[in-house]
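Worksheet: one structure, shown below.
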Amino acid sequence: MLKFTLYILIGLAVTALVGAAGSIFLIYHFARGLPDYQQLADYEPPTVTRVHASDGRLLAEYAIEKRVFVPLGAMPKRVVQSFLAAEDRYFYEHPGINFGSIIRAAVQNLRGFSENRRPIGGSTITQQVAKNFLLTNEVSIERKVKEAILAFRIERALTKDRILELYLNEIFLGFGSYGVAAAALNYFNKALDELTIAEMAYLAALPKAPNNYHPVRRVLAAKARRDWVLDQMVEAKIIGATAAQAAKYEPIETRRRSETEVTRADYFTEEVRRDILARYGEKALYESGLSIKTTLDPRLQAIGEMALKRGLEAYDRRHGWRGAISRISVDHLWEARLSEFSPPKGSGTWKLAVVLEVHDRGADIGFASGSQAMIPLTEMAWARPRLDGVRVGPRASHARDVVSVGDIVLVEPVSSGALNTYALRQIPDVGGGLVALDPHTGRVLAMIGGYDFGESQFNRVTQAKRQPGSAFKPIIYTAALDNGFTPSSLVLDGPIVIDQGPGLGKWRPSNYSPEFYGPSTLRLGIEKSRNLMTIRLARFIGMEKVSDYARRFGVVDDLPQMLSMALGAGETTLLRLSTAYAVLVNGGKRIQPTMIDRIQDRRGRTIYRHDTRPCASCGDVAWRSQVEPEVPDQRVQVVEPATAYQMVSMLEGVVHRGTGARIGREIPKALAGKTGTTNDFHDAWFIGFTPDLVVGVYVGYDTPQPLGSAESGSAVAVPIFIDFMREALAEAPNIPFRVPPGVRLVRVDPTSGLLARPGDKNIILEAFRPGTEPKSENRVVLDGSDATDTTAASGRVGGGTGGLY
C-alpha cells in the first residue's frame with residue numbers, strides 16, 4: 001500500500017512537472033511576437049480638437065476621427081460603476097484574469113459544445129483592452145491565451161484607473177459610437193452627467209454585442225439585457241432595489257443627436273487653425289483633442305460681417321453692372337438647363353434665375369424649380385453699364401438696358417416689395433476687411449477678412465500688405481507731440497519741392513485738394529489730413545525718428561527713411577495698423593494682438609494662456625472677504641500717456657470737424673479715428689475707436705487698381721465703420737476718453753489754437769502738458785525751408801508758447 005501510494009505521488013509529481021513544463025512552453029510559444037503592450041502607457045486615442053468663441057459657442061472642429069475622450073476622473077461615478085457591474089465586478093481585485101469567470105465560461109462552453117453554440121469568454125476588462133488595442137476579434141483558443149498573457153503584462157505596466165479609462169473611451173457600443181461619451185450622445189443626445197439610471201444600464205449592456213441589443217430592431221432583447229445590468233447594479237450595491245425597479249419600467253427611447261450649433265467666423269477660425277498648426281504641429285491639431293478658447297465675440301462678428309458685406313455691395317453697385325453670369329436658350333426646357341448651373345461662390349442666400357421676358361415694368365424671371373417672379377425696374381436701376389473698370393454709363397431707363405432674355409443672373413427677394421418680387425444682385429469684385437479688438441489686451445473680438453470665405457480664403461486683415469496712406473499720419477504726429485510739439489503748434493500748409501537725389505528729379509507733393517491753407521495747427525493738420533504739413537513735420541523731426549516710431553508702434557518693422565513714407569507709402573496690414581491705434585487709446589502701452597485666450601489638452605490642463613501676468617490669488621473661487629488681488633501691468637510703455645491722450649484728442653476732432661465728420665453726426669458717442677486714402681484711390685481705410693474698442697476697415701482690390709474718383713476713405717471705409725459702430729454701440733454707455741495725469745485741458749480756438757477769449761463760442765478743450773499752453777499770438781511757424789533751429793533733431797524741442805523754437 002505504501003509503495004502504491006508512493007507511485008501515485010511520483011506520478012502526480014511527474015504529471016505536474018510535465019504540465020508546468022507544457023504550460024511554460026505554451027506561454028513561451030504564444031508570447032513570442034506579441035504586440036508591445038508598453039505602448040498603452042502612452043496611448044492617447046485620436047480625438048477632436050474644438051475651437052470655441054469667448055462665450056463658449058463652437059466655432060470649428062478638427063479631427064481625423066471624431067471621437068469624444070473623457071478622462072476617468074470626469075466621468076460620473078455611477079456610469080463607471082454600471083460598466084463594472086456588468087462587465088467586471090472584481091476588476092480592482094484580480095491581476096488581469098478572473099479565474100472564476102474562466103471556469104464558469106468553460107463549463108458553459110462544454111455544455112454548449114454538443115449544441116454547436118458559439119463559445120463564450122470570461123474576459124475581464126483588462127483582457128478586453130488587450131483584445132481591442134493589440135489583438136484581433138478572432139474566436140480561438142490561441143487568441144484567448146495571448147489575451148491572458150497580455151492582460152497580465154498590462155496590469156503590471158498600467159494602473160487600474162488607466163486601464164479602465166482606456167476601456168471606457170475605446171469600447172465600441174454601436175450606433176457608430178466609440179466610448180461611453182459618444183454613445184450617450186448618439187443614443188440619448190445627452191452628456192454623461194445627464195443620463196438616467198436606466199440609460200446608464202442600457203449602455204453598460206452593450207459591450208458584449210451591440211447589434212444584439214439594438215434599441216429598435218431588438219427592443220425585447222435590449223430591455224432584458226438592460227434589466228439584467230440593473231440587477232447586477234443592485235447586487236453590487238450601486239443602486240437600491242426600488243430605484244432599479246423604477247428604471248425597469250422606463251422604455252428604451254433613443255433620441256436623434258441634435259445638430260451642434262456652430263458660429264461661423266471662417267476667416268477668424270482659419271487664422272486660429274494656422275496658429276495652432278505653427279505652435280504644435282499637424283498631429284496635435286487633428287488628433288490631440290485640444291480645447292481652444294478664442295477671443296471672438298459672436299455678436300460683434302455677426303455685426304461686422306453684415307457691415308462689410310453691405311459696404312462692399314454698396315461700393316460695387318456705384319460702379320455698375322458687369323453683366324450676366326451666363327446665358328441659355330429660353331424654351332420649354334429652360335428649367336432643366338438652368339438646373340445645370342450652380343450658384344457661384346460668394347452668392348450666399350441669393351438665387352440663380354433666368355430672364356424669361358423683358359418689359360416696361362422690369363423683367364420676368366424663372367427658377368430651376370419652375371416657379372417665376374419679377375425684377376421691377378426700380379430694383380435694377382443701379383445696374384448702369386461698367387465702362388472701364390470704375391466709370392459707368394447712363395442710368396437704365398428700361399430693363400433691356402440691363403438684361404436680355406436668357407440671361408442667368410443672381411437675385412434676392414425684396415422683403416418690402418410685392419409677393420414674388422426680387423432685386424438684381426452681383427457679387428462684388430472688390431475686397432475688404434474689418435477687425436475689432438480690445439485696445440487694452442489685444443484680444444481680437446471680430447475679424448472678417450473678405451466678402452465671402454468660400455469665394456476667397458485670402459485674409460485682407462492679416463495677409464494683405466497695403467499702403468495705409470493718411471491713416472499712417474498719427475504715427476508722425478505722435479512722434480512730433482512726443483518731441484516738443486503741441487496740438488496748437490503751427491506748421492505751414494504751402495507748396496514744397498523735395499530734391500530726391502541725383503537722377504530722381506523733384507518731388508512736389510500736394511494736398512487732397514489743390515488749395516494751400518497757410519500756417520495751421522497740428523490739430524487742423526490731422527483733422528483735415530493735410531499732406532504738405534505732414535511732409536514738413538516729418539522732415540523736421542527726421543525720418544529716422546519717424547521710422548523708429550513706426551517700428552515701436554508695430555506698423556512697419558523697417559520703414560525706409562524717405563520722405564514719401566511720411567504719407568503712408570510703407571506697406572502694412574489692417575491688423576498691425578489697428579493695433580497701433582490701440583496703443584494710443586490705451587495710454588501708450590504696447591499690446592500683442594491675439595485670437596486665443598487659452599488652450600487646454602484633452603485632460604483639461606492649460607498648456608497656453610495669453611494673459612501671463614502673475615497672480616497667485618486669482619485662482620480663488622470662493623469669497624472670504626479677502627483683499628482684491630492686484631495684477632501687475634507688464635505692458636511696455638511705447639509713448640508717454642500724455643502724448644497718447646493728446647493724439648487721441650486730435651483724432652477725436654477728425655470725427656467732429658475733419659474727414660470723418662459724418663461719424664460724429666450719425667453716432668453720438670465718444671469716438672475718434674483717422675481716414676486713409678492712397679495715391680490714385682487704390683486703397684481706402686478708416687481706423688477708429690472708443691475708449692474700449694478699436695475697429696479697422698480696409699477696402700481695395702486684391703490686384704491693385706483704382707477704386708475710382710473720389711472713392712476715398714471717407715466715402716468707402718467710413719460708411720462701413722458707421723454701420724458697424726451704430727449697432728455695436730447701440731446699448732453701450734457713452735464713456736469719454738480717459739485723461740491721464742500730466743495733462744491740462746485748456747479752452748482754445750480750434751482753428752487758430754490760441755487761448756479762447758471771453759465771449760468766444762467756437763471753442764474746444766485742448767490737451768497740453770502743463771507749461772506748454774500758447775501764451776501769445778507771436779508763435780513761430782514751421783515752414784520747413786527757413787526753420788533753422790535743430791534742437792529737435794537730437795532731443796525734445798523746447799516749448800512754452802505752443803510754438804517751435
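We name chains A, B, ... following the order of the C-alpha cells; residues begin at 1 in each chain, and ligands are numbered from 1 as shown.
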
Applying 12 Å and only C-alpha atoms, which residues near segment 231-239 of chain A remain after dropping the ones on its own chain fewer than 2 positions away? List them as a PyMOL selection string.
chain A and resi 77-90+197-198+200-202+204-205+224-229+241-248

Save the residues we just selected, C-alpha atoms, as a PDB file, in the first residue's frame?
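What follows is the written file again.pdb:
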```
ATOM      1  CA  LYS A  77     -19.104  57.642 -10.750  1.00  0.00           C
ATOM      2  CA  ARG A  78     -22.329  55.762 -11.330  1.00  0.00           C
ATOM      3  CA  VAL A  79     -21.667  55.450 -15.077  1.00  0.00           C
ATOM      4  CA  VAL A  80     -18.312  53.825 -14.330  1.00  0.00           C
ATOM      5  CA  GLN A  81     -19.864  51.554 -11.693  1.00  0.00           C
ATOM      6  CA  SER A  82     -22.585  50.372 -14.077  1.00  0.00           C
ATOM      7  CA  PHE A  83     -19.977  49.108 -16.542  1.00  0.00           C
ATOM      8  CA  LEU A  84     -18.005  47.431 -13.780  1.00  0.00           C
ATOM      9  CA  ALA A  85     -21.160  45.709 -12.517  1.00  0.00           C
ATOM     10  CA  ALA A  86     -21.988  44.431 -15.987  1.00  0.00           C
ATOM     11  CA  GLU A  87     -18.535  43.566 -17.298  1.00  0.00           C
ATOM     12  CA  ASP A  88     -16.070  43.002 -14.479  1.00  0.00           C
ATOM     13  CA  ARG A  89     -17.287  43.428 -10.901  1.00  0.00           C
ATOM     14  CA  TYR A  90     -13.949  42.340  -9.434  1.00  0.00           C
ATOM     15  CA  ILE A 197     -30.044  55.054 -14.264  1.00  0.00           C
ATOM     16  CA  ALA A 198     -31.938  53.149 -16.974  1.00  0.00           C
ATOM     17  CA  MET A 200     -26.607  54.057 -17.943  1.00  0.00           C
ATOM     18  CA  ALA A 201     -27.628  50.415 -17.559  1.00  0.00           C
ATOM     19  CA  TYR A 202     -28.541  50.146 -21.217  1.00  0.00           C
ATOM     20  CA  ALA A 204     -23.426  49.100 -19.929  1.00  0.00           C
ATOM     21  CA  ALA A 205     -25.382  46.262 -21.552  1.00  0.00           C
ATOM     22  CA  ALA A 224     -33.888  42.110 -20.961  1.00  0.00           C
ATOM     23  CA  ARG A 225     -30.162  42.777 -21.071  1.00  0.00           C
ATOM     24  CA  ARG A 226     -30.606  46.251 -19.554  1.00  0.00           C
ATOM     25  CA  ASP A 227     -32.720  44.853 -16.729  1.00  0.00           C
ATOM     26  CA  TRP A 228     -30.053  42.230 -16.074  1.00  0.00           C
ATOM     27  CA  VAL A 229     -27.498  45.030 -15.704  1.00  0.00           C
ATOM     28  CA  ALA A 241     -33.888  47.697  -5.434  1.00  0.00           C
ATOM     29  CA  THR A 242     -36.557  50.412  -5.574  1.00  0.00           C
ATOM     30  CA  ALA A 243     -34.509  52.552  -7.977  1.00  0.00           C
ATOM     31  CA  ALA A 244     -33.780  49.501 -10.126  1.00  0.00           C
ATOM     32  CA  GLN A 245     -37.446  48.552 -10.292  1.00  0.00           C
ATOM     33  CA  ALA A 246     -38.408  52.081 -11.317  1.00  0.00           C
ATOM     34  CA  ALA A 247     -35.706  52.061 -14.013  1.00  0.00           C
ATOM     35  CA  LYS A 248     -37.037  48.781 -15.401  1.00  0.00           C
TER      36      LYS A 248
END
```

DSSP on the backbone: which residues in segment 317-560 of chain A end up as alpha helix (DSSP H)? Give the answer as JSON, numbers by chain.
{"A": [317, 318, 334, 335, 336, 337, 338, 339, 473, 474, 475, 476, 477, 478, 479, 480, 481, 522, 523, 524, 525, 526, 527, 531, 532, 533, 534, 535, 536, 537, 538, 539, 540, 541, 543, 544, 545, 546, 547, 548, 549, 550, 551, 552]}

Excluding Ala672 of chain A and any residue of its chain fewer than 5 positions from it, enumerate the residues within 6 Å of it, using only C-alpha atoms, and give them as a VMD selection string.
chain A and resid 651 to 652 655 688 to 689

What would the file look like if the residues just selected were written as a compact mmCIF listing (two decimals), in the first residue's frame with C-alpha atoms?
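What ended up in selection_8.txt:
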```txt
# COMPACT_ATOMS: atom_id res chain seq x y z
CA LEU A 651 -8.23 112.17 -33.64
CA GLU A 652 -11.50 112.82 -31.81
CA VAL A 655 -14.84 112.65 -36.38
CA GLY A 688 -11.49 104.33 -35.37
CA PHE A 689 -12.00 103.68 -31.70
```

Shell around segment 554-570 of chain A at 7 Å using only C-alpha atoms, local window under 3 positions removed, as a PyMOL selection string:
chain A and resi 467-470+472-473+531+534-535+538-539+543-544+547+550-551+576-577+580

Residues from the last selection, N, CA and C atoms, saved as a short mmCIF file (atom, residue, chain, number, x, y, z; two decimals), in the first residue's frame:
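And here is the file that came out, out21.cif:
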```
data_model
loop_
_atom_site.label_atom_id
_atom_site.label_comp_id
_atom_site.auth_asym_id
_atom_site.auth_seq_id
_atom_site.Cartn_x
_atom_site.Cartn_y
_atom_site.Cartn_z
N GLN A 467 -0.50 99.96 -48.66
CA GLN A 467 -0.09 101.27 -48.19
C GLN A 467 -1.24 101.90 -47.40
N PRO A 468 -0.98 102.36 -46.17
CA PRO A 468 -2.07 102.91 -45.36
C PRO A 468 -2.43 104.35 -45.70
N GLY A 469 -1.60 105.03 -46.51
CA GLY A 469 -1.91 106.41 -46.85
C GLY A 469 -1.97 107.29 -45.62
N SER A 470 -2.98 108.15 -45.58
CA SER A 470 -3.09 109.12 -44.48
C SER A 470 -3.37 108.48 -43.13
N PHE A 472 -1.55 106.58 -41.75
CA PHE A 472 -0.25 106.49 -41.09
C PHE A 472 0.11 107.79 -40.37
N LYS A 473 -0.55 108.88 -40.72
CA LYS A 473 -0.17 110.20 -40.20
C LYS A 473 -0.15 110.30 -38.67
N ASN A 531 -1.48 116.88 -46.34
CA ASN A 531 -0.25 116.19 -46.73
C ASN A 531 0.99 117.08 -46.58
N THR A 534 2.23 117.44 -43.13
CA THR A 534 2.83 116.19 -42.67
C THR A 534 4.25 116.04 -43.19
N ILE A 535 4.47 116.39 -44.46
CA ILE A 535 5.81 116.31 -45.05
C ILE A 535 6.77 117.24 -44.30
N ALA A 538 7.50 115.75 -40.84
CA ALA A 538 8.38 114.59 -40.89
C ALA A 538 9.82 114.99 -41.22
N ARG A 539 9.97 115.99 -42.12
CA ARG A 539 11.31 116.43 -42.49
C ARG A 539 12.01 117.09 -41.30
N MET A 543 13.26 111.57 -40.61
CA MET A 543 12.67 110.29 -40.98
C MET A 543 13.24 109.13 -40.15
N GLU A 544 14.42 109.32 -39.60
CA GLU A 544 14.97 108.29 -38.71
C GLU A 544 14.06 108.11 -37.50
N SER A 547 10.74 106.52 -38.62
CA SER A 547 10.93 105.08 -38.80
C SER A 547 10.95 104.36 -37.46
N ALA A 550 7.40 104.14 -36.16
CA ALA A 550 6.64 103.14 -36.92
C ALA A 550 6.97 101.74 -36.42
N ARG A 551 8.24 101.52 -36.06
CA ARG A 551 8.65 100.22 -35.53
C ARG A 551 8.09 100.02 -34.12
N ARG A 576 -2.12 95.14 -38.06
CA ARG A 576 -1.00 95.85 -37.45
C ARG A 576 -1.33 97.33 -37.26
N LEU A 577 -1.98 97.94 -38.24
CA LEU A 577 -2.31 99.35 -38.12
C LEU A 577 -3.35 99.58 -37.03
N ALA A 580 -1.72 99.50 -33.71
CA ALA A 580 -1.01 100.75 -33.43
C ALA A 580 -1.95 101.80 -32.84
#
```

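One distance worth recording is that between atom CA of Asn420 of chain A and atom CA of Ala373 of chain A, which is 4.8 Å.
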
Between atom CA of Lys351 of chain A and atom CA of Ala336 of chain A, what is the spacing in Å?
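Spanning atom CA of Ala336 of chain A to atom CA of Lys351 of chain A is a straight-line distance of 15.6 Å.
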
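For segment 626-630 of chain A, the residues within 12 Å (counting only C-alpha atoms, excluding itself and residues fewer than 3 positions away along the chain) are Arg613, Pro614, Cys615, Ala616, Ser617, Cys618, Gly619, Asp620, Val621, Ala622, Trp623 and Asp633 of chain A.
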
Suppose you want the space between atom CA of Ser712 of chain A and atom CA of Val697 of chain A; what is it in Å?
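Computed distance, atom CA of Ser712 of chain A to atom CA of Val697 of chain A, equals 12.4 Å.
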
For segment 177-189 of chain A: contacts at 12 Å, only C-alpha atoms, fewer than 5 positions along chain excluded, given as a short mmCIF file (atom, residue, chain, number, x, y, z; two decimals) with C-alpha atoms, in the first residue's frame:
```cif
data_model
loop_
_atom_site.label_atom_id
_atom_site.label_comp_id
_atom_site.auth_asym_id
_atom_site.auth_seq_id
_atom_site.Cartn_x
_atom_site.Cartn_y
_atom_site.Cartn_z
CA PRO A 45 -6.85 57.89 -28.82
CA PRO A 46 -7.20 60.44 -31.65
CA THR A 47 -9.88 62.89 -30.56
CA VAL A 48 -11.48 66.08 -31.79
CA GLU A 65 -11.64 60.54 -36.22
CA LYS A 66 -14.44 62.31 -34.39
CA ARG A 67 -14.12 60.63 -31.01
CA VAL A 68 -15.09 62.02 -27.63
CA PHE A 69 -12.45 61.47 -24.96
CA VAL A 70 -13.43 61.91 -21.30
CA PRO A 71 -10.85 61.41 -18.51
CA LEU A 72 -11.91 58.82 -15.95
CA ALA A 74 -14.50 63.50 -15.22
CA MET A 75 -16.93 60.60 -15.73
CA PRO A 76 -19.90 60.31 -13.35
CA VAL A 79 -21.67 55.45 -15.08
CA VAL A 80 -18.31 53.83 -14.33
CA SER A 82 -22.59 50.37 -14.08
CA PHE A 83 -19.98 49.11 -16.54
CA ASN A 132 -9.34 45.83 -28.63
CA LEU A 164 -10.44 51.45 -17.15
CA GLU A 165 -10.08 54.87 -18.80
CA LEU A 166 -8.77 53.28 -22.00
CA TYR A 167 -11.63 50.79 -21.98
CA LEU A 168 -14.43 53.29 -21.42
CA ASN A 169 -13.13 55.64 -24.13
CA GLU A 170 -12.41 52.97 -26.75
CA ILE A 171 -15.10 50.28 -26.40
CA PHE A 172 -17.45 50.04 -29.40
CA GLU A 194 -27.40 63.79 -17.79
CA LEU A 195 -28.04 60.03 -18.14
CA THR A 196 -30.73 58.31 -16.10
CA ALA A 198 -31.94 53.15 -16.97
CA GLU A 199 -29.89 54.79 -19.73
CA MET A 200 -26.61 54.06 -17.94
CA ALA A 201 -27.63 50.42 -17.56
CA TYR A 202 -28.54 50.15 -21.22
CA LEU A 203 -25.15 51.49 -22.33
CA ALA A 204 -23.43 49.10 -19.93
CA ALA A 205 -25.38 46.26 -21.55
CA LEU A 206 -23.90 46.90 -24.99
CA PRO A 207 -20.17 45.93 -24.93
CA PRO A 210 -24.26 45.99 -29.54
CA HIS A 214 -30.42 47.23 -30.83
CA PRO A 215 -32.95 49.60 -29.18
CA VAL A 216 -35.36 49.48 -32.15
CA ILE A 252 -35.64 52.44 -24.09
CA GLU A 253 -36.18 55.61 -26.08
CA THR A 254 -33.39 56.84 -28.30
CA ARG A 255 -33.20 60.48 -29.37
CA ARG A 256 -31.64 61.77 -32.53
CA ARG A 257 -28.45 63.65 -31.79
CA SER A 258 -29.13 67.34 -32.22
CA GLU A 259 -27.03 69.28 -34.65
CA THR A 260 -24.25 71.12 -32.88
#
```

So which one's closest to Asp611 of chain A, A:Ile303, A:Met650, A:His440, A:Ser397? Using only C-alpha atoms, please.
A:His440

Neighbours of Arg738 of chain A within 12 Å (only C-alpha atoms; same-chain residues fewer than 4 positions away dropped), as a list in words?
Leu584, Val585, Asn586, Gly587, Pro641, Ala642, Ala644, Tyr645, Gln646, Val648, Ser649, Ala670, Thr690, Pro691, Asp692, Val743 and Ala767 of chain A
